[in-house]
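Text of coords-v4.cif (mmCIF, C-alpha atoms and all ligand atoms) as supplied:
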data_start
loop_
_atom_site.label_atom_id
_atom_site.label_comp_id
_atom_site.auth_asym_id
_atom_site.auth_seq_id
_atom_site.Cartn_x
_atom_site.Cartn_y
_atom_site.Cartn_z
CA MET A 10 -31.35 -95.41 45.35
CA ALA A 11 -33.85 -95.49 42.47
CA ILE A 12 -35.61 -92.21 41.69
CA SER A 13 -39.23 -92.30 42.84
CA GLY A 14 -42.09 -89.98 43.73
CA LYS A 15 -40.40 -89.50 47.11
CA THR A 16 -37.05 -88.37 45.71
CA ARG A 17 -36.11 -84.88 46.90
CA ILE A 18 -34.23 -82.45 44.68
CA TYR A 19 -31.10 -80.47 45.52
CA ALA A 20 -29.09 -78.32 43.10
CA VAL A 21 -26.43 -75.74 42.49
CA ILE A 22 -27.42 -72.54 40.69
CA GLY A 23 -24.96 -70.27 38.89
CA ASP A 24 -23.93 -69.06 35.46
CA PRO A 25 -21.97 -70.91 34.20
CA VAL A 26 -22.52 -74.02 36.32
CA GLU A 27 -21.73 -77.02 34.14
CA HIS A 28 -18.17 -77.28 35.53
CA SER A 29 -19.38 -77.57 39.15
CA LEU A 30 -18.10 -80.52 41.17
CA SER A 31 -20.92 -80.20 43.73
CA PRO A 32 -23.19 -82.76 41.98
CA VAL A 33 -20.37 -85.32 42.19
CA ILE A 34 -19.75 -84.70 45.90
CA GLN A 35 -23.37 -84.50 47.01
CA ASN A 36 -24.74 -87.45 44.99
CA ALA A 37 -21.92 -89.63 46.33
CA ALA A 38 -22.94 -88.61 49.86
CA PHE A 39 -26.67 -89.28 49.25
CA ASN A 40 -25.85 -92.72 47.81
CA ALA A 41 -23.51 -93.63 50.67
CA LEU A 42 -26.13 -92.79 53.31
CA ASN A 43 -29.04 -94.23 51.30
CA ILE A 44 -30.80 -90.86 51.19
CA ASN A 45 -33.54 -90.58 48.57
CA GLY A 46 -32.18 -87.37 47.03
CA VAL A 47 -30.79 -86.19 43.74
CA TYR A 48 -28.43 -83.23 43.25
CA THR A 49 -28.23 -81.47 39.89
CA ALA A 50 -27.11 -78.14 38.38
CA PHE A 51 -29.32 -75.33 37.05
CA ARG A 52 -27.85 -72.58 34.89
CA VAL A 53 -29.71 -69.44 35.99
CA LYS A 54 -29.27 -66.06 34.30
CA SER A 55 -28.88 -63.03 36.59
CA SER A 56 -32.18 -61.64 35.33
CA ASP A 57 -33.91 -64.90 36.41
CA VAL A 58 -32.72 -65.20 40.03
CA ALA A 59 -36.04 -64.06 41.54
CA THR A 60 -38.13 -66.44 39.40
CA ALA A 61 -35.70 -69.29 40.02
CA LEU A 62 -36.05 -68.86 43.78
CA SER A 63 -39.85 -68.73 43.67
CA GLY A 64 -39.68 -71.91 41.58
CA ILE A 65 -37.51 -73.52 44.26
CA ARG A 66 -40.12 -72.64 46.90
CA ALA A 67 -43.02 -73.78 44.73
CA LEU A 68 -41.41 -77.09 43.76
CA GLY A 69 -40.12 -77.84 47.24
CA VAL A 70 -36.46 -78.16 46.19
CA LEU A 71 -34.89 -78.81 49.59
CA GLY A 72 -31.39 -77.47 49.24
CA LEU A 73 -29.35 -75.25 46.97
CA ASN A 74 -25.76 -74.25 46.54
CA VAL A 75 -25.25 -70.86 44.98
CA THR A 76 -22.22 -70.01 42.90
CA MET A 77 -21.03 -67.03 40.85
CA PRO A 78 -22.56 -64.60 40.05
CA HIS A 79 -25.61 -65.01 42.35
CA LYS A 80 -24.11 -65.22 45.86
CA GLU A 81 -25.20 -61.68 46.74
CA ALA A 82 -28.33 -61.43 44.58
CA VAL A 83 -30.11 -64.35 46.28
CA ILE A 84 -30.02 -62.66 49.70
CA SER A 85 -33.03 -60.40 49.14
CA TYR A 86 -35.24 -63.46 48.45
CA LEU A 87 -34.35 -65.32 51.66
CA ASP A 88 -36.15 -65.31 55.03
CA TRP A 89 -33.00 -65.51 57.16
CA ILE A 90 -29.20 -65.60 56.72
CA ASP A 91 -26.48 -66.71 59.14
CA GLU A 92 -23.80 -64.45 60.67
CA PRO A 93 -20.99 -65.23 58.17
CA ALA A 94 -23.39 -64.62 55.25
CA LYS A 95 -24.39 -61.28 56.79
CA PHE A 96 -20.79 -60.24 57.28
CA LEU A 97 -19.75 -61.31 53.78
CA ASN A 98 -22.99 -60.25 52.07
CA SER A 99 -22.76 -63.59 50.30
CA VAL A 100 -24.72 -66.85 50.49
CA ASN A 101 -23.51 -70.15 49.01
CA THR A 102 -26.00 -72.54 50.63
CA ILE A 103 -29.80 -72.34 50.92
CA HIS A 104 -32.02 -74.63 52.98
CA ASN A 105 -35.71 -74.66 52.11
CA LYS A 106 -36.91 -75.67 55.57
CA ASP A 107 -40.57 -75.81 56.64
CA GLY A 108 -41.49 -73.17 54.07
CA LYS A 109 -38.65 -70.80 55.06
CA MET A 110 -35.63 -70.10 52.89
CA LEU A 111 -32.51 -70.03 55.07
CA GLY A 112 -29.15 -68.77 53.74
CA TYR A 113 -25.65 -69.76 54.86
CA SER A 114 -22.04 -69.15 53.90
CA THR A 115 -20.01 -72.36 54.27
CA ASP A 116 -16.72 -71.40 52.54
CA GLY A 117 -15.08 -70.14 55.74
CA ILE A 118 -16.11 -73.13 57.82
CA GLY A 119 -14.96 -75.36 54.94
CA ALA A 120 -11.44 -73.90 55.10
CA LEU A 121 -11.39 -74.04 58.88
CA ARG A 122 -12.43 -77.70 58.95
CA ALA A 123 -9.94 -78.55 56.19
CA LEU A 124 -7.15 -77.14 58.37
CA ARG A 125 -8.40 -78.77 61.58
CA GLU A 126 -8.95 -82.19 60.02
CA ASN A 127 -5.45 -82.09 58.52
CA GLY A 128 -3.80 -81.42 61.87
CA ALA A 129 -3.41 -77.65 61.51
CA ALA A 130 -6.03 -76.02 63.73
CA PRO A 131 -5.47 -72.25 63.57
CA CYS A 132 -6.15 -71.68 67.27
CA GLY A 133 -3.47 -69.32 68.65
CA LYS A 134 -1.55 -69.34 65.34
CA LYS A 135 -0.19 -66.61 63.09
CA VAL A 136 -1.93 -66.78 59.72
CA LEU A 137 -0.81 -65.23 56.42
CA ILE A 138 -3.48 -64.99 53.70
CA LEU A 139 -2.40 -64.24 50.13
CA GLY A 140 -5.33 -62.67 48.26
CA ALA A 141 -8.34 -60.62 49.31
CA GLY A 142 -11.11 -61.78 46.95
CA GLY A 143 -14.41 -63.48 47.81
CA ALA A 144 -12.87 -66.71 49.12
CA ALA A 145 -10.24 -64.82 51.14
CA ARG A 146 -12.95 -62.78 52.87
CA ALA A 147 -14.88 -65.90 53.90
CA ILE A 148 -11.72 -67.63 55.10
CA ALA A 149 -10.42 -64.59 56.98
CA TYR A 150 -13.78 -64.20 58.77
CA SER A 151 -13.65 -67.78 60.05
CA LEU A 152 -9.94 -67.99 60.83
CA ILE A 153 -9.65 -64.68 62.69
CA GLN A 154 -12.04 -66.03 65.31
CA GLU A 155 -9.43 -68.63 66.29
CA ALA A 156 -6.06 -67.33 65.11
CA ASP A 157 -3.83 -65.06 67.14
CA GLU A 158 -2.80 -62.79 64.31
CA LEU A 159 -3.69 -62.29 60.65
CA VAL A 160 -1.76 -60.74 57.76
CA VAL A 161 -3.51 -60.18 54.40
CA LEU A 162 -1.37 -59.48 51.32
CA ASN A 163 -2.97 -58.70 47.99
CA ARG A 164 -1.94 -57.52 44.52
CA THR A 165 -4.47 -54.68 44.90
CA VAL A 166 -3.52 -53.50 48.38
CA SER A 167 -6.68 -51.40 48.84
CA GLU A 168 -8.76 -54.64 48.78
CA ALA A 169 -6.63 -56.12 51.58
CA GLU A 170 -7.09 -52.87 53.54
CA LYS A 171 -10.88 -52.95 53.07
CA LEU A 172 -10.98 -56.52 54.37
CA SER A 173 -8.79 -55.65 57.34
CA GLU A 174 -10.98 -52.64 58.25
CA ILE A 175 -14.23 -54.62 58.35
CA LEU A 176 -12.60 -57.45 60.32
CA LYS A 177 -11.14 -55.01 62.86
CA ARG A 178 -14.58 -53.48 63.42
CA LYS A 179 -15.89 -56.90 64.48
CA PHE A 180 -12.90 -58.67 66.04
CA ASN A 181 -10.35 -57.39 68.51
CA LYS A 182 -7.38 -59.09 66.85
CA LYS A 183 -4.05 -58.02 65.36
CA ILE A 184 -4.56 -57.70 61.58
CA SER A 185 -2.14 -56.15 59.10
CA THR A 186 -2.01 -55.77 55.33
CA GLY A 187 0.47 -55.28 52.52
CA SER A 188 1.28 -55.89 48.89
CA LEU A 189 1.79 -59.31 47.32
CA SER A 190 5.41 -58.49 46.41
CA PRO A 191 8.16 -61.12 46.90
CA GLU A 192 9.92 -58.82 49.43
CA VAL A 193 6.83 -58.38 51.62
CA ILE A 194 5.95 -62.09 51.45
CA LYS A 195 9.54 -63.00 52.41
CA GLU A 196 9.41 -60.67 55.42
CA LYS A 197 5.94 -61.74 56.64
CA ILE A 198 6.48 -65.48 56.18
CA LYS A 199 9.20 -65.44 58.87
CA ASN A 200 6.52 -64.90 61.48
CA THR A 201 3.87 -67.23 60.01
CA ASP A 202 2.52 -70.62 61.15
CA ILE A 203 -0.18 -71.08 58.50
CA LEU A 204 0.07 -69.73 54.95
CA LEU A 205 -2.98 -69.76 52.67
CA ASN A 206 -3.00 -69.00 48.98
CA THR A 207 -6.47 -67.72 48.09
CA THR A 208 -5.45 -66.10 44.80
CA SER A 209 -6.20 -67.89 41.56
CA VAL A 210 -2.47 -68.06 40.74
CA GLY A 211 -1.46 -71.65 39.87
CA MET A 212 -4.90 -72.59 38.55
CA THR A 213 -5.20 -74.51 35.27
CA PRO A 214 -3.87 -73.65 32.66
CA ASN A 215 -1.11 -71.75 34.53
CA ILE A 216 -0.10 -74.77 36.58
CA ASN A 217 3.60 -73.88 36.83
CA GLN A 218 2.93 -70.53 38.51
CA SER A 219 3.12 -69.86 42.24
CA VAL A 220 2.80 -66.72 44.36
CA ILE A 221 5.76 -67.89 46.45
CA THR A 222 9.36 -68.61 45.49
CA PRO A 223 10.26 -72.04 46.93
CA ASP A 224 13.40 -70.79 48.74
CA ILE A 225 11.36 -68.91 51.38
CA LEU A 226 9.21 -71.91 52.38
CA LYS A 227 10.14 -73.65 55.64
CA THR A 228 9.51 -77.01 57.29
CA ASP A 229 7.55 -75.72 60.27
CA LEU A 230 4.90 -74.09 58.06
CA THR A 231 1.42 -75.31 57.13
CA VAL A 232 0.70 -74.39 53.51
CA MET A 233 -2.86 -74.47 52.25
CA ASP A 234 -3.72 -73.68 48.63
CA ILE A 235 -7.43 -73.26 47.97
CA VAL A 236 -6.92 -73.69 44.21
CA TYR A 237 -8.27 -77.20 43.52
CA ASN A 238 -7.61 -77.50 39.81
CA PRO A 239 -4.99 -78.92 39.72
CA CYS A 240 -5.32 -80.70 43.04
CA GLU A 241 -1.57 -80.47 43.56
CA THR A 242 -0.54 -76.92 42.63
CA GLN A 243 3.03 -75.74 42.17
CA LEU A 244 2.84 -74.16 45.65
CA ILE A 245 1.75 -77.45 47.21
CA LYS A 246 4.55 -79.30 45.37
CA ASP A 247 7.14 -76.78 46.59
CA ALA A 248 5.82 -76.91 50.15
CA LYS A 249 5.92 -80.73 50.16
CA ALA A 250 9.50 -80.63 48.88
CA VAL A 251 10.67 -78.65 51.95
CA GLY A 252 8.73 -80.94 54.29
CA ALA A 253 5.99 -78.46 55.22
CA ARG A 254 2.50 -79.69 56.13
CA VAL A 255 0.20 -79.23 53.12
CA VAL A 256 -3.58 -78.91 52.71
CA ASN A 257 -4.92 -78.80 49.15
CA GLY A 258 -7.96 -77.03 47.73
CA ILE A 259 -9.95 -80.26 47.36
CA GLU A 260 -10.07 -80.45 51.16
CA MET A 261 -11.79 -77.06 51.42
CA LEU A 262 -14.15 -77.99 48.60
CA ILE A 263 -15.11 -81.20 50.42
CA TYR A 264 -15.62 -79.58 53.82
CA GLN A 265 -17.70 -76.65 52.51
CA GLY A 266 -19.84 -79.27 50.73
CA ALA A 267 -19.97 -81.38 53.90
CA ALA A 268 -21.23 -78.34 55.84
CA ALA A 269 -24.02 -77.82 53.27
CA PHE A 270 -24.94 -81.52 53.37
CA GLU A 271 -25.16 -81.41 57.18
CA ILE A 272 -27.39 -78.30 57.08
CA TRP A 273 -29.81 -79.97 54.63
CA THR A 274 -29.93 -83.49 56.07
CA GLY A 275 -29.02 -83.09 59.75
CA GLN A 276 -26.69 -86.06 59.24
CA GLN A 277 -22.92 -86.22 59.46
CA ALA A 278 -21.43 -85.99 55.98
CA PRO A 279 -19.52 -89.05 54.70
CA VAL A 280 -16.39 -86.99 54.05
CA GLN A 281 -14.17 -89.84 52.83
CA VAL A 282 -16.81 -90.92 50.29
CA MET A 283 -17.05 -87.32 49.05
CA ARG A 284 -13.24 -87.08 48.77
CA GLU A 285 -12.99 -90.33 46.79
CA ALA A 286 -15.79 -89.21 44.45
CA ILE A 287 -13.89 -86.03 43.59
CA LEU A 288 -10.53 -87.71 43.24
CA GLU A 289 -12.11 -90.20 40.82
CA GLN A 290 -12.83 -87.24 38.55
CA ASN A 291 -9.04 -86.73 38.28
CA VAL A 292 -9.36 -83.00 38.88
CA GLY A 293 -6.23 -81.85 37.14
CA VAL A 294 -4.13 -84.38 39.06
N1 LIG B 1 -11.28 -74.93 47.33
C1 LIG B 1 -12.43 -74.29 47.37
O1 LIG B 1 -13.42 -74.77 47.95
C2 LIG B 1 -12.54 -72.92 46.76
C3 LIG B 1 -13.60 -72.07 47.11
C4 LIG B 1 -13.66 -70.80 46.52
C5 LIG B 1 -12.67 -70.41 45.61
N2 LIG B 1 -11.68 -71.28 45.29
C6 LIG B 1 -10.60 -70.88 44.34
O2 LIG B 1 -9.96 -69.74 44.90
C7 LIG B 1 -9.49 -68.87 43.88
C8 LIG B 1 -10.01 -67.45 44.17
O3 LIG B 1 -11.43 -67.44 44.14
P1 LIG B 1 -12.28 -66.13 44.55
O4 LIG B 1 -13.70 -66.50 44.45
O5 LIG B 1 -11.77 -65.54 45.82
O6 LIG B 1 -11.91 -65.14 43.34
P2 LIG B 1 -11.91 -63.54 43.34
O7 LIG B 1 -12.92 -62.99 44.26
O8 LIG B 1 -11.94 -63.17 41.89
O9 LIG B 1 -10.44 -63.15 43.92
C9 LIG B 1 -9.28 -63.45 43.20
C10 LIG B 1 -8.05 -63.12 44.05
O10 LIG B 1 -6.89 -63.56 43.32
C11 LIG B 1 -6.01 -62.43 43.11
N3 LIG B 1 -5.35 -62.61 41.82
C12 LIG B 1 -5.94 -62.96 40.64
N4 LIG B 1 -5.00 -63.04 39.68
C13 LIG B 1 -3.81 -62.72 40.25
C14 LIG B 1 -2.47 -62.62 39.78
N5 LIG B 1 -2.15 -62.87 38.51
N6 LIG B 1 -1.50 -62.27 40.66
C15 LIG B 1 -1.80 -62.04 41.95
N7 LIG B 1 -3.04 -62.11 42.47
C16 LIG B 1 -4.04 -62.45 41.62
C17 LIG B 1 -6.93 -61.22 43.16
O11 LIG B 1 -6.16 -60.07 43.45
P3 LIG B 1 -6.70 -58.59 43.03
O12 LIG B 1 -7.64 -58.16 44.13
O13 LIG B 1 -5.48 -57.77 42.95
O14 LIG B 1 -7.40 -58.75 41.70
C18 LIG B 1 -7.86 -61.63 44.32
O15 LIG B 1 -7.21 -61.47 45.56
C19 LIG B 1 -10.01 -69.48 42.56
O16 LIG B 1 -8.96 -70.24 42.01
C20 LIG B 1 -11.14 -70.40 43.00
O17 LIG B 1 -11.33 -71.50 42.12
C21 LIG B 1 -11.58 -72.51 45.86
#
Since I need it in another form, could you write the structure as structure tokens?
Amino acid sequence: MAISGKTRIYAVIGDPVEHSLSPVIQNAAFNALNINGVYTAFRVKSSDVATALSGIRALGVLGLNVTMPHKEAVISYLDWIDEPAKFLNSVNTIHNKDGKMLGYSTDGIGALRALRENGAAPCGKKVLILGAGGAARAIAYSLIQEADELVVLNRTVSEAEKLSEILKRKFNKKISTGSLSPEVIKEKIKNTDILLNTTSVGMTPNINQSVITPDILKTDLTVMDIVYNPCETQLIKDAKAVGARVVNGIEMLIYQGAAAFEIWTGQQAPVQVMREAILEQNVGV
């Protein structure tokens, strides 16, 4: 749709932000549904977060995504945040609605929907999460509400333990932790239905690396890698080779974006259009 006086602005803020794929996903969705909106990227320095957010209010920018390093800093300038954002102390989506700034965290729901839509709903399943960083926390928060059991393994074990402690305070579920060593992974994977890599291992340029040795993967496993660059990581290749179900990082990226789109517009996101728009970018494929 041609830009006019009625065009509404949406954006991602972060530093750096030029690499973000959100403009590609969201503009494809606006075009597909004939919405008079434009999505761009603003590089905002940490010292400018407060002024940037008052600018957003003043200019009536309708929706924002927030990326590193501002996910925590934006919270003090918002009027309300949702439960996941409160738990994670992190906001990645802002809706400027009727003069109120509302904050959400959509990473967890993005991972959950990616699993569900790819035939691997975590309800009643045993889930093994590798990594305990920001994305792992969001994913663990969403998945523990449906899964039967959760194991978190991390290179820095104390981070996995911290995550487990805060989850146990809120949810009455079986959660255990350990180190990311090959021996521990081999032991834990025996009792796993869904395995998620949330570490950055395997990301470009280290595309031949994987946290898992292929010999311990099995057919009856769902393997999700949240690394999306490349789209098909070494872990995903190895999992495909043994006949396991695979879910790649692009799927999570699409569904967290779809959740943001639905918050801003109240319309169902055109997920297939968003997927095709990203794949056209040849993200490390
Ligand atoms: N698909 C999506 O929508 C989506 C969304 C968010 C993030 N991501 C991707 O997910 C990855 C993690 O992001 P994040 O925000 O969670 O980052 P983060 O907070 O920095 O966490 C990084 C995690 O990776 C682990 N790690 C890093 N290097 C490692 C290595 N060499 N060996 C073993 N473990 C290692 C860290 O372990 P320690 O605690 O020991 O350092 C930590 O658990 C990135 O590749 C990011 O692009 C994808």
Ligand LIG 1 (chain B): which residues are within 6 Å, counting all atoms listed in the file, as a PyMOL selection string?
chain A and resi 140-145+163-165+168+207-210+212+235-237+258-259+261-262
So that I can see what lies close to region 70-73 of chain A, please list as a PDB file with C-alpha atoms, keeping the file's coordinate frame the residues with an atom at most 7 Å from it, counting only C-alpha atoms and leaving out residues fewer than 4 positions away in the same chain.
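Once written, around13.pdb looks like this:
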ATOM      1  CA  ARG A  17     -36.110 -84.880  46.900  1.00  0.00           C
ATOM      2  CA  ILE A  18     -34.230 -82.450  44.680  1.00  0.00           C
ATOM      3  CA  TYR A  19     -31.100 -80.470  45.520  1.00  0.00           C
ATOM      4  CA  ALA A  20     -29.090 -78.320  43.100  1.00  0.00           C
ATOM      5  CA  VAL A  21     -26.430 -75.740  42.490  1.00  0.00           C
ATOM      6  CA  ILE A  65     -37.510 -73.520  44.260  1.00  0.00           C
ATOM      7  CA  ARG A  66     -40.120 -72.640  46.900  1.00  0.00           C
ATOM      8  CA  THR A 102     -26.000 -72.540  50.630  1.00  0.00           C
ATOM      9  CA  ILE A 103     -29.800 -72.340  50.920  1.00  0.00           C
ATOM     10  CA  HIS A 104     -32.020 -74.630  52.980  1.00  0.00           C
ATOM     11  CA  ASN A 105     -35.710 -74.660  52.110  1.00  0.00           C
ATOM     12  CA  TRP A 273     -29.810 -79.970  54.630  1.00  0.00           C
TER      13      TRP A 273
END
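Comparing A:Met233, A:Leu42, A:Val255, A:Ile184 by their smallest distance to Gly275 (chain A), the closest is A:Leu42 (using only C-alpha atoms).
Residue nearest Ser13 (chain A), chosen from A:Val160, A:Leu62, A:Leu30, A:Val47 and counting all atoms listed in the file: A:Val47.
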Point-to-point distance from CA of Val75 (chain A) to CA of Ala269 (chain A), Å rounded to tenths
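So the two atoms, CA of Val75 (chain A) and CA of Ala269 (chain A), lie 10.9 Å apart.
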Just give me the gap between CA of Ile34 (chain A) and CA of Thr274 (chain A) in Å, one decimal is fine.
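Pair CA of Ile34 (chain A) / CA of Thr274 (chain A) returns 14.4 Å.
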Contacts between region 187-199 of chain A and region 74-162 of chain A, please, where a residue of region 74-162 of chain A counts if it comes within 10 Å (with all atoms listed in the file); show its shortest atom pair and distance in Å to one decimal, rows by chain and ascending number, as a tab-separated table.
residue	atom	partner	partner_atom	distance
A:Lys135	CA	A:Ile198	CA	9.7
A:Val136	CA	A:Ile198	CA	9.2
A:Leu137	CA	A:Ile198	CA	7.3
A:Leu139	CA	A:Leu189	CA	7.1
A:Gly140	CA	A:Leu189	CA	7.9
A:Val160	CA	A:Lys197	CA	7.8
A:Val161	CA	A:Gly187	CA	6.6
A:Leu162	CA	A:Gly187	CA	4.7
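Each of A:Glu241, A:Glu126, A:Asp107, A:Asp57 was checked against Ala82 (chain A) using only C-alpha atoms; the smallest atom-to-atom distance is that of A:Asp57.
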A:Ser114, A:Ser173, A:Thr201, A:Asn215: which is nearest Pro131 (chain A), counting only C-alpha atoms?
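Looking at the shortest contact to Pro131 (chain A), the residue is A:Thr201.
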Work out how far apart CA of Ser151 (chain A) and CA of Pro93 (chain A) are and give it in Å to one decimal.
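Calculated distance between CA of Ser151 (chain A) and CA of Pro93 (chain A) is 8.0 Å.
In terms of minimum interatomic distance to Ile245 (chain A), A:Val232 ranks closest within A:Val58, A:Leu172, A:Ala156, A:Val232, counting only C-alpha atoms.
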For Pro279 (chain A), find every residue with an atom within 10 Å (counting all atoms listed in the file), except residues of its own chain fewer than 3 positions away, and show them as a list of chain:residue names.
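Selected residues are A:Ile34, A:Gln35, A:Ala37, A:Ala38, A:Phe39, A:Ala41, A:Leu42, A:Ile263, A:Ala267, A:Phe270, A:Glu271, A:Gln276, A:Val282, A:Met283, A:Arg284.
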Within 8 Å of Ile118 (chain A), counting only C-alpha atoms, which residues show up once you throw out same-chain ones fewer than 4 positions away? Write them as a PDB file with C-alpha atoms, keeping the file's coordinate frame, please.
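The result, written out as out-v9.pdb:
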ATOM      1  CA  ARG A 122     -12.430 -77.700  58.950  1.00  0.00           C
ATOM      2  CA  ILE A 148     -11.720 -67.630  55.100  1.00  0.00           C
ATOM      3  CA  SER A 151     -13.650 -67.780  60.050  1.00  0.00           C
ATOM      4  CA  TYR A 264     -15.620 -79.580  53.820  1.00  0.00           C
ATOM      5  CA  GLN A 265     -17.700 -76.650  52.510  1.00  0.00           C
ATOM      6  CA  ALA A 268     -21.230 -78.340  55.840  1.00  0.00           C
TER       7      ALA A 268
END
Can you sort out region 131-153 of chain A so it carries N, CA and C atoms, written as a compact mmCIF listing (two decimals), keeping the file's coordinate frame?
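Written out: selection.txt:
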# COMPACT_ATOMS: atom_id res chain seq x y z
N PRO A 131 -6.09 -73.57 63.52
CA PRO A 131 -5.47 -72.25 63.57
C PRO A 131 -5.48 -71.57 64.95
N CYS A 132 -6.03 -72.27 65.94
CA CYS A 132 -6.15 -71.68 67.27
C CYS A 132 -4.78 -71.20 67.78
N GLY A 133 -4.71 -69.89 68.09
CA GLY A 133 -3.47 -69.32 68.65
C GLY A 133 -2.33 -69.16 67.64
N LYS A 134 -2.61 -69.38 66.34
CA LYS A 134 -1.55 -69.34 65.34
C LYS A 134 -1.49 -68.00 64.60
N LYS A 135 -0.36 -67.79 63.94
CA LYS A 135 -0.19 -66.61 63.09
C LYS A 135 -0.47 -67.03 61.64
N VAL A 136 -1.45 -66.36 61.04
CA VAL A 136 -1.93 -66.78 59.72
C VAL A 136 -1.62 -65.71 58.67
N LEU A 137 -1.10 -66.14 57.54
CA LEU A 137 -0.81 -65.23 56.42
C LEU A 137 -1.70 -65.63 55.25
N ILE A 138 -2.58 -64.71 54.84
CA ILE A 138 -3.48 -64.99 53.70
C ILE A 138 -3.00 -64.20 52.49
N LEU A 139 -2.77 -64.89 51.39
CA LEU A 139 -2.40 -64.24 50.13
C LEU A 139 -3.66 -64.13 49.29
N GLY A 140 -4.09 -62.89 49.00
CA GLY A 140 -5.33 -62.67 48.26
C GLY A 140 -6.37 -62.03 49.17
N ALA A 141 -7.29 -61.30 48.53
CA ALA A 141 -8.34 -60.62 49.31
C ALA A 141 -9.65 -60.62 48.53
N GLY A 142 -9.88 -61.67 47.73
CA GLY A 142 -11.11 -61.78 46.95
C GLY A 142 -12.22 -62.41 47.79
N GLY A 143 -13.24 -62.92 47.12
CA GLY A 143 -14.41 -63.48 47.81
C GLY A 143 -14.05 -64.62 48.75
N ALA A 144 -13.23 -65.56 48.28
CA ALA A 144 -12.87 -66.71 49.12
C ALA A 144 -12.02 -66.25 50.30
N ALA A 145 -11.10 -65.32 50.05
CA ALA A 145 -10.24 -64.82 51.14
C ALA A 145 -11.08 -64.19 52.25
N ARG A 146 -12.10 -63.45 51.86
CA ARG A 146 -12.95 -62.78 52.87
C ARG A 146 -13.64 -63.81 53.76
N ALA A 147 -14.19 -64.85 53.13
CA ALA A 147 -14.88 -65.90 53.90
C ALA A 147 -13.90 -66.61 54.84
N ILE A 148 -12.72 -66.90 54.31
CA ILE A 148 -11.72 -67.63 55.10
C ILE A 148 -11.21 -66.76 56.25
N ALA A 149 -10.93 -65.50 55.95
CA ALA A 149 -10.42 -64.59 56.98
C ALA A 149 -11.43 -64.45 58.11
N TYR A 150 -12.72 -64.34 57.76
CA TYR A 150 -13.78 -64.20 58.77
C TYR A 150 -13.79 -65.39 59.73
N SER A 151 -13.63 -66.59 59.19
CA SER A 151 -13.65 -67.78 60.05
C SER A 151 -12.35 -67.93 60.85
N LEU A 152 -11.23 -67.72 60.17
CA LEU A 152 -9.94 -67.99 60.83
C LEU A 152 -9.60 -66.96 61.91
N ILE A 153 -10.01 -65.72 61.72
CA ILE A 153 -9.65 -64.68 62.69
C ILE A 153 -10.28 -64.96 64.05
